[in-house]
Amino acid sequence: MQQQELLSLANEYSTPLYVYDANKIISQYARLTKAFSKVERFKIHYAVKALSNVSILKLMQKQGCGLDTVSIQEVQLGLHAGFDPKDIIYTPNGVSIQELEEVAQLGVQINIDNLSILEQFGAKHPTTPVCIRINPHVMAGGNANISVGHIDSKFGISIHQLPHLLRIIENTGMHINGIHMHTGSDILDVDVFLYAAEILFETAKHFKELDFIDFGSGFKVPYKKGDIETNVEEFGRKLTKRFLAFEKEYGRTLTLAFEPGKFLVSEAGYFLAKVNVVKQTTSTVFAGVDTGFNHLIRPMLYGAQHHIENISNPKGKERYYSVVGYICETDTFANNRRIQEIHEGDILCFKNAGAYCFSMASNYNSRLKPAEVLWKEGKGYLIRERETFDDILKNQVMVEI
Ligand SMILES: Cc1ncc(COP(=O)(O)O)c(C=O)c1O
């Protein structure tokens, strides 16, 4: 998007503001689909947790996407947006059997990631098709919080528990129609994906009635100029070749599925904030903005680096700043970062603000959550109103005792 367009949206809707570029989402979807165009049955389930606004879900549906969900509420959002339950996969972790049963009753594909619940579910509902989340024990992912396929991870059923898993399936007579893995986010190396995929193929041979293999996600997107990203085209070529060979060996056509979040929406997002104060101290120059980690927690949560531009002064001389939020504890978006000279009132633009940004926002410090705007072909559409003080009070019960 052009800086002028972002500036005019900041003027129109005020700040802080999330803006999403629909065309970028559409082109990312098309890029991934193209990379796997030789696979007869290819399906993308968008990971709702990344950005769950129903207008974004609608846009995904229009592209032909299914949904990957992790809670019954995400499933309900998908149904509300008009998705067919058959196009939704539900991959929770540590939820109750009651929630699983409720989701299964809606006709959604469920994915189970532990033996205890698998056994209980299989005993009660042997005819409901179930996908199994395998933990391939591959250490992958940009950092420890988003690496979920390793040996110490709470996710998935260990490949070393395969004999136990097969016994449960035999004893309950349940129908396993898919196997799944998700090793983590921000995987840098295509060969790591392929290595984990081999483990999944090996495991798949033990299940005779599979309809699909879901390879999860973890595509790395660039966060700044020159940053590494997953080479989707190379990955598509290599995995397609291996997948087609596996299909032959397996003796049946399968769906190859992915469930990307970041890849589809990260780069489409812009977060706009106004500079409230420029504060020179003895050691640094702080730019204090009208937001904080309550709205964009990734830098504080896992050291994510969102590129920041001063779109009010794009040609300004670059100087070093620490960009900080207004929350009453350490709240740093960027330390010692070169940004075009900042004045009070300027609008700063945080890039890659599509994935895990608004969806992780909270009301900490009793602040209001920002508005969201979807941008398509030169026009902005408000897709979430800015909260008001009534939203803060909603559900609170004042008692005097
Ligand atoms: C099971 C599962 N699938 C898909 C995703 C999406 O990952 P990404 O946003 O890196 O594409 C996640 C992210 O945490 C996940 O846990």
# chains A, B, ... in the order shown; residues from 1 in each chain; ligands from 1

$ residues_near_ligand --ligand "ligand 1" --cutoff "9 Å" --atoms "only C-alpha atoms and all ligand atoms" --output "number ranges by chain"
A: 45-50, 68-70, 90-93, 133, 141, 146-148, 155, 180-187, 215-221, 258-266, 355-356

$ write_last_selection --atoms "C-alpha atoms" --output "tab-separated table (two decimals), in the first residue's frame"
chain	number	residue	atom	x	y	z
A	45	HIS	CA	-6.93	-24.12	5.51
A	46	TYR	CA	-6.30	-20.60	6.73
A	47	ALA	CA	-5.21	-20.53	10.40
A	48	VAL	CA	-7.94	-18.35	11.90
A	49	LYS	CA	-5.89	-17.55	15.01
A	50	ALA	CA	-3.59	-15.33	12.95
A	68	ASP	CA	-7.89	-24.24	10.47
A	69	THR	CA	-9.33	-23.61	13.94
A	70	VAL	CA	-8.16	-24.23	17.49
A	90	TYR	CA	-10.29	-28.23	14.24
A	91	THR	CA	-6.85	-28.78	15.82
A	92	PRO	CA	-7.11	-27.97	19.50
A	93	ASN	CA	-4.62	-28.66	22.24
A	133	ARG	CA	-1.79	-34.93	14.97
A	141	GLY	CA	10.78	-22.83	14.32
A	146	ILE	CA	6.85	-21.12	18.30
A	147	SER	CA	8.73	-24.42	17.93
A	148	VAL	CA	6.12	-27.03	18.65
A	155	PHE	CA	1.73	-30.89	20.91
A	180	HIS	CA	-1.28	-34.02	10.48
A	181	MET	CA	1.82	-32.32	11.78
A	182	HIS	CA	2.77	-28.75	12.57
A	183	THR	CA	6.36	-28.30	13.63
A	184	GLY	CA	6.45	-24.57	14.32
A	185	SER	CA	6.42	-21.11	12.84
A	186	ASP	CA	9.20	-19.28	10.98
A	187	ILE	CA	11.00	-22.34	9.67
A	215	PHE	CA	1.56	-30.65	6.66
A	216	GLY	CA	0.63	-27.80	9.00
A	217	SER	CA	2.44	-24.56	8.40
A	218	GLY	CA	5.50	-22.61	9.44
A	219	PHE	CA	6.24	-20.65	6.28
A	220	LYS	CA	8.71	-17.88	7.03
A	221	VAL	CA	7.81	-14.45	5.71
A	258	PHE	CA	-1.54	-26.81	4.62
A	259	GLU	CA	-2.76	-24.42	7.28
A	260	PRO	CA	-0.84	-21.17	6.96
A	261	GLY	CA	-1.62	-18.09	8.98
A	262	LYS	CA	1.39	-15.81	8.75
A	263	PHE	CA	2.10	-16.56	5.09
A	264	LEU	CA	-1.36	-15.38	4.05
A	265	VAL	CA	-1.83	-12.30	6.22
A	266	SER	CA	1.40	-11.09	7.87
A	355	ALA	CA	-0.67	-12.05	11.74
A	356	TYR	CA	-0.88	-12.47	15.51

$ select_by_dssp --residues "region 55-280 of chain A" --states "alpha helix (DSSP H)" --output "PDB file with N, CA and C atoms, in the first residue's frame"
ATOM      1  N   SER A  55     -14.620 -10.553   8.215  1.00  0.00           N
ATOM      2  CA  SER A  55     -14.466 -10.080   6.832  1.00  0.00           C
ATOM      3  C   SER A  55     -13.217 -10.685   6.190  1.00  0.00           C
ATOM      4  N   ILE A  56     -12.194 -10.913   7.008  1.00  0.00           N
ATOM      5  CA  ILE A  56     -10.996 -11.593   6.497  1.00  0.00           C
ATOM      6  C   ILE A  56     -11.357 -13.047   6.168  1.00  0.00           C
ATOM      7  N   LEU A  57     -12.146 -13.680   7.037  1.00  0.00           N
ATOM      8  CA  LEU A  57     -12.553 -15.065   6.782  1.00  0.00           C
ATOM      9  C   LEU A  57     -13.362 -15.139   5.482  1.00  0.00           C
ATOM     10  N   LYS A  58     -14.227 -14.168   5.271  1.00  0.00           N
ATOM     11  CA  LYS A  58     -15.034 -14.119   4.030  1.00  0.00           C
ATOM     12  C   LYS A  58     -14.131 -14.012   2.808  1.00  0.00           C
ATOM     13  N   LEU A  59     -13.119 -13.161   2.941  1.00  0.00           N
ATOM     14  CA  LEU A  59     -12.184 -12.976   1.822  1.00  0.00           C
ATOM     15  C   LEU A  59     -11.472 -14.298   1.521  1.00  0.00           C
ATOM     16  N   MET A  60     -11.088 -15.014   2.578  1.00  0.00           N
ATOM     17  CA  MET A  60     -10.421 -16.308   2.414  1.00  0.00           C
ATOM     18  C   MET A  60     -11.344 -17.285   1.700  1.00  0.00           C
ATOM     19  N   GLN A  61     -12.604 -17.269   2.116  1.00  0.00           N
ATOM     20  CA  GLN A  61     -13.565 -18.202   1.532  1.00  0.00           C
ATOM     21  C   GLN A  61     -13.709 -17.950   0.031  1.00  0.00           C
ATOM     22  N   LYS A  62     -13.711 -16.678  -0.322  1.00  0.00           N
ATOM     23  CA  LYS A  62     -13.853 -16.305  -1.733  1.00  0.00           C
ATOM     24  C   LYS A  62     -12.691 -16.848  -2.581  1.00  0.00           C
ATOM     25  N   GLN A  63     -11.524 -17.002  -1.921  1.00  0.00           N
ATOM     26  CA  GLN A  63     -10.367 -17.522  -2.657  1.00  0.00           C
ATOM     27  C   GLN A  63     -10.435 -19.044  -2.814  1.00  0.00           C
ATOM     28  N   ILE A  72     -13.600 -23.815  19.796  1.00  0.00           N
ATOM     29  CA  ILE A  72     -14.970 -23.887  19.261  1.00  0.00           C
ATOM     30  C   ILE A  72     -15.429 -22.502  18.815  1.00  0.00           C
ATOM     31  N   GLN A  73     -14.897 -21.467  19.466  1.00  0.00           N
ATOM     32  CA  GLN A  73     -15.297 -20.110  19.063  1.00  0.00           C
ATOM     33  C   GLN A  73     -14.761 -19.777  17.662  1.00  0.00           C
ATOM     34  N   GLU A  74     -13.566 -20.237  17.352  1.00  0.00           N
ATOM     35  CA  GLU A  74     -13.067 -20.013  15.983  1.00  0.00           C
ATOM     36  C   GLU A  74     -13.927 -20.785  14.978  1.00  0.00           C
ATOM     37  N   VAL A  75     -14.352 -21.980  15.364  1.00  0.00           N
ATOM     38  CA  VAL A  75     -15.249 -22.747  14.490  1.00  0.00           C
ATOM     39  C   VAL A  75     -16.527 -21.951  14.267  1.00  0.00           C
ATOM     40  N   GLN A  76     -17.081 -21.409  15.354  1.00  0.00           N
ATOM     41  CA  GLN A  76     -18.334 -20.639  15.245  1.00  0.00           C
ATOM     42  C   GLN A  76     -18.152 -19.401  14.366  1.00  0.00           C
ATOM     43  N   LEU A  77     -16.977 -18.764  14.486  1.00  0.00           N
ATOM     44  CA  LEU A  77     -16.703 -17.602  13.624  1.00  0.00           C
ATOM     45  C   LEU A  77     -16.722 -18.023  12.155  1.00  0.00           C
ATOM     46  N   GLY A  78     -16.094 -19.163  11.882  1.00  0.00           N
ATOM     47  CA  GLY A  78     -16.043 -19.677  10.508  1.00  0.00           C
ATOM     48  C   GLY A  78     -17.438 -19.966   9.982  1.00  0.00           C
ATOM     49  N   LEU A  79     -18.261 -20.606  10.803  1.00  0.00           N
ATOM     50  CA  LEU A  79     -19.636 -20.927  10.376  1.00  0.00           C
ATOM     51  C   LEU A  79     -20.421 -19.638  10.163  1.00  0.00           C
ATOM     52  N   HIS A  80     -20.194 -18.673  11.071  1.00  0.00           N
ATOM     53  CA  HIS A  80     -20.862 -17.374  10.949  1.00  0.00           C
ATOM     54  C   HIS A  80     -20.474 -16.683   9.637  1.00  0.00           C
ATOM     55  N   ILE A  97     -13.023 -33.236  26.262  1.00  0.00           N
ATOM     56  CA  ILE A  97     -13.692 -34.108  25.281  1.00  0.00           C
ATOM     57  C   ILE A  97     -15.054 -33.529  24.910  1.00  0.00           C
ATOM     58  N   GLN A  98     -15.680 -32.810  25.859  1.00  0.00           N
ATOM     59  CA  GLN A  98     -16.995 -32.215  25.561  1.00  0.00           C
ATOM     60  C   GLN A  98     -16.883 -31.218  24.402  1.00  0.00           C
ATOM     61  N   GLU A  99     -15.815 -30.397  24.445  1.00  0.00           N
ATOM     62  CA  GLU A  99     -15.671 -29.422  23.346  1.00  0.00           C
ATOM     63  C   GLU A  99     -15.449 -30.148  22.016  1.00  0.00           C
ATOM     64  N   LEU A 100     -14.611 -31.205  22.055  1.00  0.00           N
ATOM     65  CA  LEU A 100     -14.360 -31.972  20.827  1.00  0.00           C
ATOM     66  C   LEU A 100     -15.664 -32.553  20.272  1.00  0.00           C
ATOM     67  N   GLU A 101     -16.469 -33.082  21.180  1.00  0.00           N
ATOM     68  CA  GLU A 101     -17.730 -33.698  20.746  1.00  0.00           C
ATOM     69  C   GLU A 101     -18.663 -32.650  20.140  1.00  0.00           C
ATOM     70  N   GLU A 102     -18.704 -31.490  20.784  1.00  0.00           N
ATOM     71  CA  GLU A 102     -19.560 -30.419  20.265  1.00  0.00           C
ATOM     72  C   GLU A 102     -19.153 -30.010  18.862  1.00  0.00           C
ATOM     73  N   VAL A 103     -17.835 -29.899  18.653  1.00  0.00           N
ATOM     74  CA  VAL A 103     -17.338 -29.490  17.331  1.00  0.00           C
ATOM     75  C   VAL A 103     -17.610 -30.596  16.313  1.00  0.00           C
ATOM     76  N   ALA A 104     -17.376 -31.848  16.720  1.00  0.00           N
ATOM     77  CA  ALA A 104     -17.608 -32.968  15.799  1.00  0.00           C
ATOM     78  C   ALA A 104     -19.079 -32.991  15.370  1.00  0.00           C
ATOM     79  N   GLN A 105     -19.972 -32.692  16.308  1.00  0.00           N
ATOM     80  CA  GLN A 105     -21.400 -32.698  15.987  1.00  0.00           C
ATOM     81  C   GLN A 105     -21.770 -31.647  14.942  1.00  0.00           C
ATOM     82  N   LEU A 115      -3.359 -39.342  23.264  1.00  0.00           N
ATOM     83  CA  LEU A 115      -3.902 -40.703  23.272  1.00  0.00           C
ATOM     84  C   LEU A 115      -5.093 -40.848  24.205  1.00  0.00           C
ATOM     85  N   SER A 116      -5.070 -40.125  25.312  1.00  0.00           N
ATOM     86  CA  SER A 116      -6.141 -40.254  26.291  1.00  0.00           C
ATOM     87  C   SER A 116      -7.491 -39.875  25.673  1.00  0.00           C
ATOM     88  N   ILE A 117      -7.533 -38.685  25.079  1.00  0.00           N
ATOM     89  CA  ILE A 117      -8.801 -38.215  24.485  1.00  0.00           C
ATOM     90  C   ILE A 117      -9.148 -39.058  23.259  1.00  0.00           C
ATOM     91  N   LEU A 118      -8.136 -39.480  22.520  1.00  0.00           N
ATOM     92  CA  LEU A 118      -8.390 -40.311  21.338  1.00  0.00           C
ATOM     93  C   LEU A 118      -9.135 -41.576  21.749  1.00  0.00           C
ATOM     94  N   GLU A 119      -8.666 -42.207  22.821  1.00  0.00           N
ATOM     95  CA  GLU A 119      -9.276 -43.460  23.269  1.00  0.00           C
ATOM     96  C   GLU A 119     -10.716 -43.216  23.733  1.00  0.00           C
ATOM     97  N   GLN A 120     -10.900 -42.132  24.512  1.00  0.00           N
ATOM     98  CA  GLN A 120     -12.252 -41.834  24.998  1.00  0.00           C
ATOM     99  C   GLN A 120     -13.193 -41.499  23.837  1.00  0.00           C
ATOM    100  N   PHE A 121     -12.685 -40.691  22.904  1.00  0.00           N
ATOM    101  CA  PHE A 121     -13.530 -40.272  21.777  1.00  0.00           C
ATOM    102  C   PHE A 121     -13.860 -41.475  20.886  1.00  0.00           C
ATOM    103  N   GLY A 122     -12.842 -42.296  20.616  1.00  0.00           N
ATOM    104  CA  GLY A 122     -13.021 -43.466  19.746  1.00  0.00           C
ATOM    105  C   GLY A 122     -14.023 -44.447  20.333  1.00  0.00           C
ATOM    106  N   ALA A 123     -13.981 -44.619  21.661  1.00  0.00           N
ATOM    107  CA  ALA A 123     -14.897 -45.566  22.307  1.00  0.00           C
ATOM    108  C   ALA A 123     -16.345 -45.097  22.160  1.00  0.00           C
ATOM    109  N   LYS A 124     -16.546 -43.766  22.194  1.00  0.00           N
ATOM    110  CA  LYS A 124     -17.918 -43.240  22.141  1.00  0.00           C
ATOM    111  C   LYS A 124     -18.414 -42.996  20.711  1.00  0.00           C
ATOM    112  N   LEU A 162       3.559 -44.789  18.302  1.00  0.00           N
ATOM    113  CA  LEU A 162       2.767 -45.346  17.204  1.00  0.00           C
ATOM    114  C   LEU A 162       2.133 -46.703  17.559  1.00  0.00           C
ATOM    115  N   PRO A 163       2.870 -47.642  18.175  1.00  0.00           N
ATOM    116  CA  PRO A 163       2.244 -48.937  18.504  1.00  0.00           C
ATOM    117  C   PRO A 163       1.020 -48.766  19.410  1.00  0.00           C
ATOM    118  N   HIS A 164       1.134 -47.866  20.401  1.00  0.00           N
ATOM    119  CA  HIS A 164       0.019 -47.616  21.306  1.00  0.00           C
ATOM    120  C   HIS A 164      -1.157 -46.994  20.541  1.00  0.00           C
ATOM    121  N   LEU A 165      -0.827 -46.043  19.692  1.00  0.00           N
ATOM    122  CA  LEU A 165      -1.841 -45.363  18.871  1.00  0.00           C
ATOM    123  C   LEU A 165      -2.602 -46.388  18.019  1.00  0.00           C
ATOM    124  N   LEU A 166      -1.867 -47.292  17.374  1.00  0.00           N
ATOM    125  CA  LEU A 166      -2.502 -48.272  16.494  1.00  0.00           C
ATOM    126  C   LEU A 166      -3.380 -49.241  17.285  1.00  0.00           C
ATOM    127  N   ARG A 167      -2.943 -49.551  18.503  1.00  0.00           N
ATOM    128  CA  ARG A 167      -3.756 -50.448  19.346  1.00  0.00           C
ATOM    129  C   ARG A 167      -5.102 -49.799  19.678  1.00  0.00           C
ATOM    130  N   ILE A 168      -5.056 -48.499  20.015  1.00  0.00           N
ATOM    131  CA  ILE A 168      -6.307 -47.782  20.338  1.00  0.00           C
ATOM    132  C   ILE A 168      -7.246 -47.801  19.133  1.00  0.00           C
ATOM    133  N   ILE A 169      -6.686 -47.582  17.973  1.00  0.00           N
ATOM    134  CA  ILE A 169      -7.523 -47.532  16.760  1.00  0.00           C
ATOM    135  C   ILE A 169      -8.147 -48.907  16.486  1.00  0.00           C
ATOM    136  N   GLU A 170      -7.340 -49.933  16.669  1.00  0.00           N
ATOM    137  CA  GLU A 170      -7.844 -51.289  16.435  1.00  0.00           C
ATOM    138  C   GLU A 170      -8.933 -51.638  17.454  1.00  0.00           C
ATOM    139  N   ASN A 171      -8.672 -51.320  18.706  1.00  0.00           N
ATOM    140  CA  ASN A 171      -9.628 -51.688  19.762  1.00  0.00           C
ATOM    141  C   ASN A 171     -10.946 -50.929  19.655  1.00  0.00           C
ATOM    142  N   THR A 172     -10.879 -49.653  19.223  1.00  0.00           N
ATOM    143  CA  THR A 172     -12.123 -48.867  19.154  1.00  0.00           C
ATOM    144  C   THR A 172     -12.788 -49.008  17.788  1.00  0.00           C
ATOM    145  N   VAL A 190      13.780 -25.168   3.916  1.00  0.00           N
ATOM    146  CA  VAL A 190      12.837 -26.066   3.236  1.00  0.00           C
ATOM    147  C   VAL A 190      13.139 -27.528   3.565  1.00  0.00           C
ATOM    148  N   ASP A 191      14.427 -27.843   3.710  1.00  0.00           N
ATOM    149  CA  ASP A 191      14.795 -29.240   3.982  1.00  0.00           C
ATOM    150  C   ASP A 191      14.278 -29.727   5.326  1.00  0.00           C
ATOM    151  N   VAL A 192      14.060 -28.784   6.256  1.00  0.00           N
ATOM    152  CA  VAL A 192      13.490 -29.180   7.554  1.00  0.00           C
ATOM    153  C   VAL A 192      12.047 -29.657   7.353  1.00  0.00           C
ATOM    154  N   PHE A 193      11.319 -28.917   6.539  1.00  0.00           N
ATOM    155  CA  PHE A 193       9.948 -29.338   6.200  1.00  0.00           C
ATOM    156  C   PHE A 193       9.988 -30.739   5.580  1.00  0.00           C
ATOM    157  N   LEU A 194      10.895 -30.899   4.615  1.00  0.00           N
ATOM    158  CA  LEU A 194      10.914 -32.147   3.855  1.00  0.00           C
ATOM    159  C   LEU A 194      11.310 -33.321   4.741  1.00  0.00           C
ATOM    160  N   TYR A 195      12.205 -33.067   5.669  1.00  0.00           N
ATOM    161  CA  TYR A 195      12.624 -34.117   6.599  1.00  0.00           C
ATOM    162  C   TYR A 195      11.434 -34.558   7.457  1.00  0.00           C
ATOM    163  N   ALA A 196      10.718 -33.575   7.990  1.00  0.00           N
ATOM    164  CA  ALA A 196       9.545 -33.895   8.819  1.00  0.00           C
ATOM    165  C   ALA A 196       8.464 -34.576   7.967  1.00  0.00           C
ATOM    166  N   ALA A 197       8.350 -34.164   6.694  1.00  0.00           N
ATOM    167  CA  ALA A 197       7.354 -34.765   5.800  1.00  0.00           C
ATOM    168  C   ALA A 197       7.643 -36.255   5.606  1.00  0.00           C
ATOM    169  N   GLU A 198       8.917 -36.595   5.501  1.00  0.00           N
ATOM    170  CA  GLU A 198       9.284 -38.013   5.341  1.00  0.00           C
ATOM    171  C   GLU A 198       8.774 -38.830   6.517  1.00  0.00           C
ATOM    172  N   ILE A 199       8.879 -38.267   7.703  1.00  0.00           N
ATOM    173  CA  ILE A 199       8.418 -38.977   8.902  1.00  0.00           C
ATOM    174  C   ILE A 199       6.899 -39.178   8.818  1.00  0.00           C
ATOM    175  N   LEU A 200       6.227 -38.148   8.302  1.00  0.00           N
ATOM    176  CA  LEU A 200       4.770 -38.244   8.180  1.00  0.00           C
ATOM    177  C   LEU A 200       4.381 -39.305   7.137  1.00  0.00           C
ATOM    178  N   PHE A 201       5.108 -39.364   6.033  1.00  0.00           N
ATOM    179  CA  PHE A 201       4.827 -40.393   5.016  1.00  0.00           C
ATOM    180  C   PHE A 201       4.997 -41.790   5.603  1.00  0.00           C
ATOM    181  N   GLU A 202       6.079 -41.962   6.345  1.00  0.00           N
ATOM    182  CA  GLU A 202       6.347 -43.262   6.985  1.00  0.00           C
ATOM    183  C   GLU A 202       5.178 -43.646   7.882  1.00  0.00           C
ATOM    184  N   THR A 203       4.719 -42.658   8.666  1.00  0.00           N
ATOM    185  CA  THR A 203       3.621 -42.899   9.607  1.00  0.00           C
ATOM    186  C   THR A 203       2.335 -43.206   8.838  1.00  0.00           C
ATOM    187  N   ALA A 204       2.134 -42.480   7.736  1.00  0.00           N
ATOM    188  CA  ALA A 204       0.889 -42.627   6.963  1.00  0.00           C
ATOM    189  C   ALA A 204       0.679 -44.060   6.482  1.00  0.00           C
ATOM    190  N   VAL A 232       8.865 -20.786  -1.366  1.00  0.00           N
ATOM    191  CA  VAL A 232       7.632 -21.548  -1.545  1.00  0.00           C
ATOM    192  C   VAL A 232       7.641 -22.324  -2.867  1.00  0.00           C
ATOM    193  N   GLU A 233       8.245 -21.709  -3.889  1.00  0.00           N
ATOM    194  CA  GLU A 233       8.243 -22.356  -5.204  1.00  0.00           C
ATOM    195  C   GLU A 233       9.129 -23.614  -5.183  1.00  0.00           C
ATOM    196  N   GLU A 234      10.309 -23.469  -4.579  1.00  0.00           N
ATOM    197  CA  GLU A 234      11.214 -24.621  -4.473  1.00  0.00           C
ATOM    198  C   GLU A 234      10.563 -25.709  -3.597  1.00  0.00           C
ATOM    199  N   PHE A 235       9.980 -25.282  -2.522  1.00  0.00           N
ATOM    200  CA  PHE A 235       9.306 -26.204  -1.611  1.00  0.00           C
ATOM    201  C   PHE A 235       8.177 -26.938  -2.336  1.00  0.00           C
ATOM    202  N   GLY A 236       7.406 -26.163  -3.131  1.00  0.00           N
ATOM    203  CA  GLY A 236       6.294 -26.737  -3.894  1.00  0.00           C
ATOM    204  C   GLY A 236       6.797 -27.823  -4.841  1.00  0.00           C
ATOM    205  N   ARG A 237       7.877 -27.511  -5.564  1.00  0.00           N
ATOM    206  CA  ARG A 237       8.430 -28.489  -6.520  1.00  0.00           C
ATOM    207  C   ARG A 237       8.855 -29.755  -5.796  1.00  0.00           C
ATOM    208  N   LYS A 238       9.614 -29.576  -4.699  1.00  0.00           N
ATOM    209  CA  LYS A 238      10.192 -30.732  -4.016  1.00  0.00           C
ATOM    210  C   LYS A 238       9.123 -31.574  -3.321  1.00  0.00           C
ATOM    211  N   LEU A 239       8.215 -30.916  -2.620  1.00  0.00           N
ATOM    212  CA  LEU A 239       7.218 -31.694  -1.882  1.00  0.00           C
ATOM    213  C   LEU A 239       6.215 -32.346  -2.843  1.00  0.00           C
ATOM    214  N   THR A 240       5.877 -31.626  -3.935  1.00  0.00           N
ATOM    215  CA  THR A 240       4.944 -32.205  -4.914  1.00  0.00           C
ATOM    216  C   THR A 240       5.518 -33.515  -5.446  1.00  0.00           C
ATOM    217  N   LYS A 241       6.778 -33.488  -5.820  1.00  0.00           N
ATOM    218  CA  LYS A 241       7.415 -34.686  -6.392  1.00  0.00           C
ATOM    219  C   LYS A 241       7.314 -35.856  -5.400  1.00  0.00           C
ATOM    220  N   ARG A 242       7.642 -35.561  -4.177  1.00  0.00           N
ATOM    221  CA  ARG A 242       7.647 -36.600  -3.146  1.00  0.00           C
ATOM    222  C   ARG A 242       6.221 -37.057  -2.838  1.00  0.00           C
ATOM    223  N   PHE A 243       5.284 -36.118  -2.849  1.00  0.00           N
ATOM    224  CA  PHE A 243       3.883 -36.437  -2.526  1.00  0.00           C
ATOM    225  C   PHE A 243       3.274 -37.327  -3.618  1.00  0.00           C
ATOM    226  N   LEU A 244       3.556 -36.987  -4.887  1.00  0.00           N
ATOM    227  CA  LEU A 244       2.994 -37.785  -5.982  1.00  0.00           C
ATOM    228  C   LEU A 244       3.539 -39.208  -5.932  1.00  0.00           C
ATOM    229  N   ALA A 245       4.826 -39.325  -5.588  1.00  0.00           N
ATOM    230  CA  ALA A 245       5.430 -40.663  -5.469  1.00  0.00           C
ATOM    231  C   ALA A 245       4.772 -41.420  -4.319  1.00  0.00           C
ATOM    232  N   PHE A 246       4.510 -40.703  -3.240  1.00  0.00           N
ATOM    233  CA  PHE A 246       3.891 -41.370  -2.083  1.00  0.00           C
ATOM    234  C   PHE A 246       2.485 -41.844  -2.431  1.00  0.00           C
ATOM    235  N   GLU A 247       1.736 -40.992  -3.135  1.00  0.00           N
ATOM    236  CA  GLU A 247       0.364 -41.369  -3.521  1.00  0.00           C
ATOM    237  C   GLU A 247       0.366 -42.691  -4.297  1.00  0.00           C
ATOM    238  N   LYS A 248       1.329 -42.823  -5.195  1.00  0.00           N
ATOM    239  CA  LYS A 248       1.439 -44.059  -6.005  1.00  0.00           C
ATOM    240  C   LYS A 248       1.663 -45.250  -5.092  1.00  0.00           C
ATOM    241  N   GLU A 249       2.610 -45.065  -4.181  1.00  0.00           N
ATOM    242  CA  GLU A 249       2.969 -46.144  -3.257  1.00  0.00           C
ATOM    243  C   GLU A 249       1.764 -46.501  -2.378  1.00  0.00           C
ATOM    244  N   TYR A 250       1.031 -45.466  -1.979  1.00  0.00           N
ATOM    245  CA  TYR A 250      -0.099 -45.648  -1.060  1.00  0.00           C
ATOM    246  C   TYR A 250      -1.303 -46.261  -1.794  1.00  0.00           C
ATOM    247  N   LYS A 262       0.457 -16.891   9.061  1.00  0.00           N
ATOM    248  CA  LYS A 262       1.388 -15.810   8.751  1.00  0.00           C
ATOM    249  C   LYS A 262       1.601 -15.595   7.251  1.00  0.00           C
ATOM    250  N   PHE A 263       1.798 -16.688   6.510  1.00  0.00           N
ATOM    251  CA  PHE A 263       2.095 -16.561   5.085  1.00  0.00           C
ATOM    252  C   PHE A 263       0.989 -15.787   4.361  1.00  0.00           C
ATOM    253  N   LEU A 264      -0.252 -16.016   4.762  1.00  0.00           N
ATOM    254  CA  LEU A 264      -1.360 -15.380   4.055  1.00  0.00           C
ATOM    255  C   LEU A 264      -1.598 -13.940   4.487  1.00  0.00           C
ATOM    256  N   VAL A 265      -1.379 -13.635   5.774  1.00  0.00           N
ATOM    257  CA  VAL A 265      -1.827 -12.302   6.222  1.00  0.00           C
ATOM    258  C   VAL A 265      -0.752 -11.380   6.819  1.00  0.00           C
TER     259      VAL A 265
END

$ residues_around --residues "region 302-308 of chain A" --least-positions-apart "5" --cutoff "8 Å" --atoms "only C-alpha atoms" --output "JSON, numbers by chain"
{"A": [143, 145, 223, 224, 333, 334, 339, 348, 349, 350, 351, 352, 353]}

$ write_last_selection --atoms "N, CA and C atoms" --output "CSV table (one decimal), in the first residue's frame"
chain,number,residue,atom,x,y,z
A,143,ASN,N,11.8,-19.5,17.1
A,143,ASN,CA,12.2,-19.4,18.5
A,143,ASN,C,11.5,-20.4,19.4
A,145,ASN,N,9.3,-20.4,21.7
A,145,ASN,CA,7.8,-20.3,21.9
A,145,ASN,C,7.0,-20.8,20.7
A,223,TYR,N,10.5,-10.0,7.2
A,223,TYR,CA,10.1,-8.9,8.1
A,223,TYR,C,10.7,-7.5,7.7
A,224,LYS,N,11.8,-7.6,6.9
A,224,LYS,CA,12.4,-6.4,6.4
A,224,LYS,C,13.1,-6.7,5.1
A,333,PHE,N,8.7,-1.4,21.5
A,333,PHE,CA,8.5,-1.9,20.1
A,333,PHE,C,9.8,-2.0,19.3
A,334,ALA,N,10.7,-1.1,19.6
A,334,ALA,CA,12.0,-1.1,18.9
A,334,ALA,C,13.0,-0.4,19.7
A,339,ILE,N,15.1,5.5,12.1
A,339,ILE,CA,13.7,5.8,11.6
A,339,ILE,C,13.8,7.3,11.1
A,348,LEU,N,3.4,6.7,12.8
A,348,LEU,CA,4.4,5.6,12.5
A,348,LEU,C,3.6,4.4,12.0
A,349,CYS,N,4.3,3.7,11.0
A,349,CYS,CA,3.6,2.5,10.4
A,349,CYS,C,4.5,1.3,10.8
A,350,PHE,N,3.8,0.4,11.4
A,350,PHE,CA,4.5,-0.9,11.8
A,350,PHE,C,4.1,-1.9,10.7
A,351,LYS,N,5.1,-2.5,10.1
A,351,LYS,CA,4.9,-3.5,9.0
A,351,LYS,C,4.6,-4.9,9.5
A,352,ASN,N,4.2,-5.8,8.6
A,352,ASN,CA,3.9,-7.2,9.0
A,352,ASN,C,2.9,-7.3,10.2
A,353,ALA,N,1.9,-6.4,10.1
A,353,ALA,CA,1.0,-6.4,11.3
A,353,ALA,C,-0.3,-7.2,11.0

$ closest_residue --among "A:Gly226, A:Gly325, A:Gly288, A:Gly269" --to "Met300 (chain A)" --atoms "only C-alpha atoms"
A:Gly325

$ closest_residue --among "A:His137, A:Lys315, A:Lys379, A:His175" --to "Ile157 (chain A)" --atoms "only C-alpha atoms"
A:His137
